[in-house]
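Undergrad: Before anything else, here's the structure in question.
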Amino acid sequence: MRRFCSVHTHSVLCDGKNTLAEMAEAAFAAGAVSFGASGHSHTSLPWDRGCVLPADPADYRAEVLRLREAYAGRMDVLLGIEWDACSPGLPEGFDYWIGSVHNLPSPSGERCYCVDYDEERLREACRELAGGDFIALARRYYGAAAEMAARRPTILGHLDLITKFNAGNRLFDGDAPRYRAAALEALHAADPHATLLEINTGAMARGYREAPYPAPFLLREWHRMGGRVILTADAHSASAILYGYGRAAALARAAGFTHTVLLTSAGAVESAL
């Protein structure tokens with residue numbers, strides 16, 4: 001029985017390693033009930049060139065719809081997008097969208113700092129935006145995440161992405177009360193009746209983390225709020241299409257969840273973990 005979906009995925013049309021057709025083929029072979037393409041939305045940031053969809057994503061749409069026809073009756077293929085906080089407006093004409101924060105603007109708005117590119121750029125962001133105080137930087141990040149959550153995306157993407165390079169708390173204390181307060185404030189901005197919280201294994205697949213996003217304390221609070229979760233691989237290659245789902249499911253169960261959500265052509269469907 002097909003019990004999982006893979007709807008946070010990236011292809012060569014943004015910053016992935018495989019074509020959309022190869023990603024869909026991998027999802028089908030892995031037994032996914034649905035495959036969703038979620039290319040990065042266009043931004044004008046210089047480091048995003050070649051890593052995001054073009055301003056006019058017509059070719060992207062056409063390829064996803066072609067794959068939908070190719071897999072009709074065998075696997076649902078959904079047209080999605082990962083909408084960055086630095087992209088203007090809100091997405092229209094998609095089956096679903098993932099709301100994410102990858103970049104933080106300077107107070108003047110003249111520069112943006114990427115929080116998940118590498119540790120060196122994260123440290124630069126900390127110096128320039130927070131005077132070297134990583135928890136102050138995290139609070140700034142979660143302020144942007146709260147704004148994104150309030151937009152009611154279908155899926156709230158990697159909520160605590162700011163921890164990507166913080167293995168072993170080497171940059172800041174992830175248990176500090178003011179850090180947790182900022183993260184919880186962002187979570188509380190989400191509508192648990194409109195938005196799914198993803199349990200995202202992408203950084204595990206790429207060797208940055210040993211556990212999925214988000215942290216257990218955030219998952220426990222989301223469960224208390226009555227929210228629902230969806231397992232995602234944030235796959236940038238066909239080999240990672242369902243990466244770490246067993247670990248993600250265990251994390252969900254430990255937080256009190258008994259079901260995950262599958263996005264399908266018929267809408268959101270719950271599936272037992």
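Residues in the structure tokens are named by chain (A, B, ... in the order shown) and by number from 1 within that chain; ligands are numbered from 1 in the order shown.
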Can you tell me, as a PyMOL selection string, which residues in range 23-245 of chain A count as alpha helix (DSSP H) by DSSP?

TA: chain A and resi 23-29+58-70+119-130+134-150+177-188+202-205+216-224+245

Undergrad: Quick one: everything within 12 Å of Arg68 in chain A, counting only C-alpha atoms, minus sequence neighbours fewer than 6 positions away in the same chain. Send it as an NGL selection string.

TA: :A and (20-21 or 24-25 or 34-37 or 61-62 or 74-79 or 264-265)

Undergrad: Suppose we keep N, CA, C and O atoms; can you now write the selection as a PDB file, in the first residue's frame?

TA:
ATOM      1  N   LEU A  20      12.973  16.779 -13.867  1.00  0.00           N
ATOM      2  CA  LEU A  20      11.669  16.502 -13.265  1.00  0.00           C
ATOM      3  C   LEU A  20      11.207  15.087 -13.599  1.00  0.00           C
ATOM      4  O   LEU A  20      10.631  14.399 -12.751  1.00  0.00           O
ATOM      5  N   ALA A  21      11.467  14.645 -14.813  1.00  0.00           N
ATOM      6  CA  ALA A  21      11.067  13.290 -15.197  1.00  0.00           C
ATOM      7  C   ALA A  21      11.785  12.240 -14.359  1.00  0.00           C
ATOM      8  O   ALA A  21      11.185  11.243 -13.932  1.00  0.00           O
ATOM      9  N   ALA A  24      10.252  12.284 -10.819  1.00  0.00           N
ATOM     10  CA  ALA A  24       8.961  11.616 -10.796  1.00  0.00           C
ATOM     11  C   ALA A  24       9.126  10.099 -10.902  1.00  0.00           C
ATOM     12  O   ALA A  24       8.439   9.335 -10.201  1.00  0.00           O
ATOM     13  N   GLU A  25      10.020   9.652 -11.750  1.00  0.00           N
ATOM     14  CA  GLU A  25      10.271   8.222 -11.897  1.00  0.00           C
ATOM     15  C   GLU A  25      10.753   7.613 -10.585  1.00  0.00           C
ATOM     16  O   GLU A  25      10.320   6.520 -10.190  1.00  0.00           O
ATOM     17  N   SER A  34       1.943  10.175  -4.420  1.00  0.00           N
ATOM     18  CA  SER A  34       1.967  11.385  -5.242  1.00  0.00           C
ATOM     19  C   SER A  34       3.353  11.986  -5.260  1.00  0.00           C
ATOM     20  O   SER A  34       4.121  11.854  -4.300  1.00  0.00           O
ATOM     21  N   PHE A  35       3.648  12.634  -6.362  1.00  0.00           N
ATOM     22  CA  PHE A  35       4.894  13.393  -6.532  1.00  0.00           C
ATOM     23  C   PHE A  35       4.531  14.840  -6.773  1.00  0.00           C
ATOM     24  O   PHE A  35       3.657  15.146  -7.595  1.00  0.00           O
ATOM     25  N   GLY A  36       5.178  15.725  -6.044  1.00  0.00           N
ATOM     26  CA  GLY A  36       4.944  17.144  -6.249  1.00  0.00           C
ATOM     27  C   GLY A  36       6.227  17.857  -6.609  1.00  0.00           C
ATOM     28  O   GLY A  36       7.244  17.711  -5.926  1.00  0.00           O
ATOM     29  N   ALA A  37       6.194  18.617  -7.687  1.00  0.00           N
ATOM     30  CA  ALA A  37       7.324  19.473  -8.056  1.00  0.00           C
ATOM     31  C   ALA A  37       7.172  20.784  -7.298  1.00  0.00           C
ATOM     32  O   ALA A  37       6.097  21.380  -7.292  1.00  0.00           O
ATOM     33  N   ARG A  61       5.816  24.724 -15.597  1.00  0.00           N
ATOM     34  CA  ARG A  61       4.416  24.300 -15.529  1.00  0.00           C
ATOM     35  C   ARG A  61       4.115  23.244 -16.598  1.00  0.00           C
ATOM     36  O   ARG A  61       3.470  22.226 -16.324  1.00  0.00           O
ATOM     37  N   ALA A  62       4.557  23.503 -17.802  1.00  0.00           N
ATOM     38  CA  ALA A  62       4.263  22.602 -18.917  1.00  0.00           C
ATOM     39  C   ALA A  62       4.838  21.210 -18.677  1.00  0.00           C
ATOM     40  O   ALA A  62       4.191  20.198 -18.958  1.00  0.00           O
ATOM     41  N   ARG A  74      -1.708   6.103 -12.206  1.00  0.00           N
ATOM     42  CA  ARG A  74      -0.656   5.345 -11.510  1.00  0.00           C
ATOM     43  C   ARG A  74      -0.089   6.110 -10.317  1.00  0.00           C
ATOM     44  O   ARG A  74       0.186   5.526  -9.264  1.00  0.00           O
ATOM     45  N   MET A  75       0.084   7.402 -10.442  1.00  0.00           N
ATOM     46  CA  MET A  75       0.606   8.245  -9.368  1.00  0.00           C
ATOM     47  C   MET A  75       0.152   9.666  -9.633  1.00  0.00           C
ATOM     48  O   MET A  75       0.211  10.137 -10.776  1.00  0.00           O
ATOM     49  N   ASP A  76      -0.308  10.357  -8.617  1.00  0.00           N
ATOM     50  CA  ASP A  76      -0.676  11.759  -8.782  1.00  0.00           C
ATOM     51  C   ASP A  76       0.578  12.615  -8.950  1.00  0.00           C
ATOM     52  O   ASP A  76       1.580  12.396  -8.249  1.00  0.00           O
ATOM     53  N   VAL A  77       0.534  13.542  -9.861  1.00  0.00           N
ATOM     54  CA  VAL A  77       1.619  14.510 -10.054  1.00  0.00           C
ATOM     55  C   VAL A  77       1.039  15.898  -9.816  1.00  0.00           C
ATOM     56  O   VAL A  77       0.071  16.299 -10.477  1.00  0.00           O
ATOM     57  N   LEU A  78       1.608  16.627  -8.865  1.00  0.00           N
ATOM     58  CA  LEU A  78       1.082  17.916  -8.438  1.00  0.00           C
ATOM     59  C   LEU A  78       2.024  19.050  -8.829  1.00  0.00           C
ATOM     60  O   LEU A  78       3.252  18.897  -8.807  1.00  0.00           O
ATOM     61  N   LEU A  79       1.438  20.167  -9.165  1.00  0.00           N
ATOM     62  CA  LEU A  79       2.191  21.367  -9.523  1.00  0.00           C
ATOM     63  C   LEU A  79       2.302  22.263  -8.292  1.00  0.00           C
ATOM     64  O   LEU A  79       1.329  22.874  -7.860  1.00  0.00           O
ATOM     65  N   THR A 264      -2.638  14.855  -2.408  1.00  0.00           N
ATOM     66  CA  THR A 264      -3.019  14.094  -3.591  1.00  0.00           C
ATOM     67  C   THR A 264      -3.858  14.980  -4.501  1.00  0.00           C
ATOM     68  O   THR A 264      -4.228  16.100  -4.131  1.00  0.00           O
ATOM     69  N   SER A 265      -4.197  14.463  -5.653  1.00  0.00           N
ATOM     70  CA  SER A 265      -5.052  15.211  -6.570  1.00  0.00           C
ATOM     71  C   SER A 265      -6.440  15.428  -5.996  1.00  0.00           C
ATOM     72  O   SER A 265      -7.165  16.340  -6.417  1.00  0.00           O
TER      73      SER A 265
END

Undergrad: Considering only C-alpha atoms, state which residue in the set A:Ile98, A:Cys126, A:Pro192, A:Arg180 is at the smallest distance from Pro153 in chain A.

TA: A:Ile98

Undergrad: Just how far from CA of Ala182 in chain A is CA of Gly157 in chain A, in Å to one decimal?

TA: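 Between CA of Gly157 in chain A and CA of Ala182 in chain A the gap is 16.5 Å.
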
Undergrad: Please return as a PyMOL selection string: the residues of range 34-260 of chain A that backbone DSSP assigns to strand (DSSP E).

TA: chain A and resi 34-40+76-84+96-100+103-105+112-114+155-156+196-200+228-232+259-260

Undergrad: With a distance cut-off of 10 Å and only C-alpha atoms, select the neighbouring residues of Glu128 in chain A, excluding the residue or stretch itself and same-chain residues fewer than 6 positions from it, and output the selection as a PDB file with N, CA and C atoms, in the first residue's frame.

TA:
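Listing of part.pdb after writing:
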ATOM      1  N   SER A 106      18.892  43.262   4.877  1.00  0.00           N
ATOM      2  CA  SER A 106      19.474  44.238   5.796  1.00  0.00           C
ATOM      3  C   SER A 106      18.414  45.274   6.142  1.00  0.00           C
ATOM      4  N   TYR A 113      20.989  38.399   3.078  1.00  0.00           N
ATOM      5  CA  TYR A 113      21.953  37.428   3.568  1.00  0.00           C
ATOM      6  C   TYR A 113      21.294  36.051   3.594  1.00  0.00           C
ATOM      7  N   LEU A 122      26.510  32.448   6.886  1.00  0.00           N
ATOM      8  CA  LEU A 122      25.678  32.609   8.074  1.00  0.00           C
ATOM      9  C   LEU A 122      26.401  33.460   9.115  1.00  0.00           C
ATOM     10  N   LEU A 137      20.250  36.916  15.802  1.00  0.00           N
ATOM     11  CA  LEU A 137      20.027  36.611  14.385  1.00  0.00           C
ATOM     12  C   LEU A 137      18.865  35.636  14.236  1.00  0.00           C
TER      13      LEU A 137
END

Undergrad: List the neighbours of Arg209 in chain A out to 12 Å using only C-alpha atoms; skip same-chain residues closer than 3 positions along the sequence, and give me the result as a short mmCIF file (atom, residue, chain, number, x, y, z; two decimals) with all heavy atoms, in the first residue's frame.

TA:
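For reference, out-v8.cif as written:
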data_model
loop_
_atom_site.label_atom_id
_atom_site.label_comp_id
_atom_site.auth_asym_id
_atom_site.auth_seq_id
_atom_site.Cartn_x
_atom_site.Cartn_y
_atom_site.Cartn_z
N LEU A 161 15.21 26.38 9.90
CA LEU A 161 16.34 26.30 8.97
C LEU A 161 17.59 27.01 9.53
O LEU A 161 18.71 26.66 9.18
CB LEU A 161 15.96 26.93 7.63
CG LEU A 161 16.98 26.88 6.50
CD1 LEU A 161 17.22 25.43 6.06
CD2 LEU A 161 16.52 27.72 5.31
N THR A 163 19.00 26.57 12.08
CA THR A 163 19.84 25.62 12.83
C THR A 163 20.66 24.72 11.92
O THR A 163 21.34 23.81 12.40
CB THR A 163 18.98 24.74 13.75
OG1 THR A 163 18.12 23.91 12.94
CG2 THR A 163 18.12 25.58 14.69
N LYS A 164 20.61 24.92 10.63
CA LYS A 164 21.25 24.00 9.68
C LYS A 164 22.72 23.72 10.02
O LYS A 164 23.18 22.58 9.93
CB LYS A 164 21.14 24.55 8.26
CG LYS A 164 21.77 23.66 7.20
CD LYS A 164 21.51 24.21 5.80
CE LYS A 164 22.16 23.35 4.72
NZ LYS A 164 21.86 23.84 3.36
N PHE A 165 23.46 24.76 10.40
CA PHE A 165 24.89 24.60 10.67
C PHE A 165 25.19 24.59 12.17
O PHE A 165 26.33 24.83 12.58
CB PHE A 165 25.67 25.73 9.98
CG PHE A 165 25.41 25.82 8.51
CD1 PHE A 165 24.71 26.88 7.97
CD2 PHE A 165 25.85 24.82 7.65
CE1 PHE A 165 24.45 26.95 6.60
CE2 PHE A 165 25.60 24.88 6.28
CZ PHE A 165 24.90 25.95 5.76
N ASN A 166 24.18 24.32 12.98
CA ASN A 166 24.33 24.41 14.44
C ASN A 166 24.43 23.05 15.10
O ASN A 166 24.06 22.90 16.27
CB ASN A 166 23.16 25.20 15.04
CG ASN A 166 23.46 25.69 16.44
OD1 ASN A 166 24.56 26.16 16.71
ND2 ASN A 166 22.49 25.55 17.34
N ALA A 167 24.96 22.07 14.40
CA ALA A 167 25.12 20.74 15.01
C ALA A 167 25.94 20.84 16.29
O ALA A 167 26.97 21.52 16.34
CB ALA A 167 25.81 19.80 14.02
N GLY A 168 25.45 20.20 17.35
CA GLY A 168 26.15 20.25 18.63
C GLY A 168 26.09 21.61 19.30
O GLY A 168 26.90 21.88 20.20
N ASN A 169 25.16 22.45 18.87
CA ASN A 169 25.04 23.83 19.42
C ASN A 169 26.35 24.61 19.29
O ASN A 169 26.68 25.43 20.14
CB ASN A 169 24.60 23.79 20.89
CG ASN A 169 23.13 23.49 21.05
OD1 ASN A 169 22.35 23.63 20.11
ND2 ASN A 169 22.74 23.06 22.24
N ASN A 200 11.10 17.65 7.70
CA ASN A 200 11.94 17.76 6.50
C ASN A 200 13.29 17.09 6.74
O ASN A 200 14.02 17.45 7.65
CB ASN A 200 12.10 19.26 6.20
CG ASN A 200 12.97 19.57 5.02
OD1 ASN A 200 14.02 18.98 4.83
ND2 ASN A 200 12.58 20.56 4.23
N THR A 201 13.62 16.11 5.89
CA THR A 201 14.87 15.37 6.05
C THR A 201 15.98 15.82 5.10
O THR A 201 17.02 15.17 5.00
CB THR A 201 14.61 13.86 5.82
OG1 THR A 201 14.20 13.66 4.45
CG2 THR A 201 13.54 13.33 6.75
N GLY A 202 15.76 16.93 4.40
CA GLY A 202 16.70 17.33 3.35
C GLY A 202 18.12 17.56 3.81
O GLY A 202 19.08 17.17 3.13
N ALA A 203 18.29 18.21 4.96
CA ALA A 203 19.65 18.48 5.44
C ALA A 203 20.34 17.20 5.89
O ALA A 203 21.58 17.13 5.89
CB ALA A 203 19.61 19.50 6.58
N MET A 204 19.57 16.20 6.28
CA MET A 204 20.16 14.90 6.61
C MET A 204 20.74 14.26 5.36
O MET A 204 21.87 13.76 5.37
CB MET A 204 19.10 13.98 7.22
CG MET A 204 18.54 14.43 8.56
SD MET A 204 17.10 13.45 9.03
CE MET A 204 17.78 11.80 9.09
N ALA A 205 19.97 14.29 4.28
CA ALA A 205 20.42 13.66 3.04
C ALA A 205 21.71 14.28 2.53
O ALA A 205 22.54 13.60 1.92
CB ALA A 205 19.32 13.76 1.98
N ARG A 206 21.88 15.58 2.79
CA ARG A 206 23.06 16.28 2.28
C ARG A 206 24.17 16.39 3.32
O ARG A 206 25.16 17.08 3.10
CB ARG A 206 22.64 17.65 1.75
CG ARG A 206 21.72 17.54 0.55
CD ARG A 206 21.45 18.86 -0.13
NE ARG A 206 20.64 19.76 0.67
CZ ARG A 206 19.31 19.68 0.78
NH1 ARG A 206 18.65 18.71 0.17
NH2 ARG A 206 18.64 20.55 1.51
N PRO A 212 15.83 15.44 11.41
CA PRO A 212 15.03 16.30 10.54
C PRO A 212 14.74 17.65 11.19
O PRO A 212 14.88 17.83 12.39
CB PRO A 212 13.72 15.50 10.36
CG PRO A 212 14.00 14.12 10.83
CD PRO A 212 15.07 14.26 11.87
N TYR A 213 14.32 18.61 10.37
CA TYR A 213 13.64 19.80 10.87
C TYR A 213 12.17 19.41 11.09
O TYR A 213 11.63 18.60 10.33
CB TYR A 213 13.65 20.94 9.84
CG TYR A 213 14.98 21.38 9.30
CD1 TYR A 213 15.33 21.09 7.98
CD2 TYR A 213 15.88 22.12 10.08
CE1 TYR A 213 16.53 21.52 7.44
CE2 TYR A 213 17.08 22.55 9.54
CZ TYR A 213 17.41 22.24 8.24
OH TYR A 213 18.59 22.67 7.71
N PRO A 214 11.47 20.01 12.04
CA PRO A 214 11.95 20.93 13.06
C PRO A 214 12.31 20.19 14.35
O PRO A 214 12.13 18.97 14.45
CB PRO A 214 10.73 21.83 13.28
CG PRO A 214 9.57 20.91 13.12
CD PRO A 214 9.99 19.92 12.04
N ALA A 215 12.75 20.95 15.34
CA ALA A 215 13.13 20.38 16.64
C ALA A 215 11.92 19.77 17.33
O ALA A 215 10.78 20.21 17.14
CB ALA A 215 13.75 21.46 17.51
N GLY A 244 15.05 9.23 4.58
CA GLY A 244 14.87 9.41 6.02
C GLY A 244 13.44 9.44 6.51
O GLY A 244 13.19 9.89 7.63
#

Undergrad: In Å, with one decimal, what is the gap from CA of Ile135 in chain A to CA of Ser100 in chain A?

TA: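 Going from CA of Ile135 in chain A over to CA of Ser100 in chain A, I get 19.5 Å.
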
Undergrad: Name all residues at most 10 Å from Ala125 in chain A (count only C-alpha atoms; drop same-chain ones fewer than 6 positions away) and give them as an MDAnalysis selection string.

TA: chainID A and resid 103:106 112:115 119 131:132 134 137

Undergrad: Record the distance separating CA of Thr154 in chain A and CA of Thr195 in chain A, expressed in Å with one decimal.

TA: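 Calculated distance between CA of Thr154 in chain A and CA of Thr195 in chain A is 4.9 Å.
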
Undergrad: Would you kindly return, as a short mmCIF file (atom, residue, chain, number, x, y, z; two decimals) with N, CA, C and O atoms, in the first residue's frame, each protein, DNA or RNA residue with an atom no farther than 10 Å from any atom of Leu273 in chain A, considering only C-alpha atoms and excluding same-chain residues fewer than 3 positions away?

TA:
data_model
loop_
_atom_site.label_atom_id
_atom_site.label_comp_id
_atom_site.auth_asym_id
_atom_site.auth_seq_id
_atom_site.Cartn_x
_atom_site.Cartn_y
_atom_site.Cartn_z
N ARG A 3 1.86 4.72 1.07
CA ARG A 3 1.53 5.46 2.28
C ARG A 3 2.25 6.79 2.38
O ARG A 3 2.11 7.48 3.37
N PHE A 4 3.06 7.15 1.39
CA PHE A 4 3.83 8.37 1.49
C PHE A 4 3.72 9.17 0.19
O PHE A 4 3.41 8.63 -0.86
N GLY A 246 11.58 7.08 7.60
CA GLY A 246 11.42 6.30 8.82
C GLY A 246 11.79 7.11 10.05
O GLY A 246 11.09 7.09 11.07
N ALA A 248 11.81 10.41 10.20
CA ALA A 248 10.82 11.48 10.32
C ALA A 248 9.53 10.98 10.97
O ALA A 248 8.93 11.65 11.81
N ALA A 249 9.09 9.79 10.57
CA ALA A 249 7.88 9.21 11.15
C ALA A 249 8.06 8.94 12.64
O ALA A 249 7.15 9.19 13.44
N ALA A 250 9.23 8.45 13.03
CA ALA A 250 9.49 8.20 14.45
C ALA A 250 9.46 9.50 15.24
O ALA A 250 8.95 9.54 16.38
N ALA A 252 7.73 12.15 14.49
CA ALA A 252 6.33 12.55 14.58
C ALA A 252 5.60 11.78 15.67
O ALA A 252 4.85 12.35 16.47
N ARG A 253 5.81 10.49 15.71
CA ARG A 253 5.16 9.67 16.73
C ARG A 253 5.59 10.07 18.14
O ARG A 253 4.77 10.14 19.05
N PHE A 257 1.96 12.50 17.30
CA PHE A 257 1.17 12.35 16.08
C PHE A 257 0.95 10.88 15.76
O PHE A 257 1.86 10.06 15.93
N THR A 258 -0.22 10.55 15.30
CA THR A 258 -0.53 9.19 14.86
C THR A 258 -0.68 9.09 13.35
O THR A 258 -0.70 7.99 12.80
N HIS A 259 -0.81 10.25 12.69
CA HIS A 259 -1.02 10.28 11.24
C HIS A 259 -0.15 11.35 10.59
O HIS A 259 0.23 12.34 11.24
N THR A 260 0.17 11.13 9.36
CA THR A 260 0.77 12.16 8.51
C THR A 260 -0.25 12.50 7.43
O THR A 260 -1.27 11.83 7.30
N VAL A 261 0.03 13.54 6.67
CA VAL A 261 -0.86 13.96 5.59
C VAL A 261 -0.20 13.67 4.24
O VAL A 261 1.01 13.92 4.07
N GLU A 270 -5.23 11.83 5.17
CA GLU A 270 -4.42 11.36 6.31
C GLU A 270 -4.04 9.92 6.14
O GLU A 270 -4.80 9.10 5.58
#

Undergrad: Out of A:Ala72, A:Leu45, A:Leu171, A:Leu159, which residue has the shortest atom-to-atom distance to Val101 in chain A when counting only C-alpha atoms?

TA: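 Of the candidates, the smallest distance to Val101 in chain A is held by A:Leu159.
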
Undergrad: Tell me which of A:Ala150, A:Ile155, A:Ala32, A:Leu53 sits closest to Gly16 in chain A, counting only C-alpha atoms.

TA: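 Between A:Ala150, A:Ile155, A:Ala32, A:Leu53, the residue approaching Gly16 in chain A most closely is A:Leu53.
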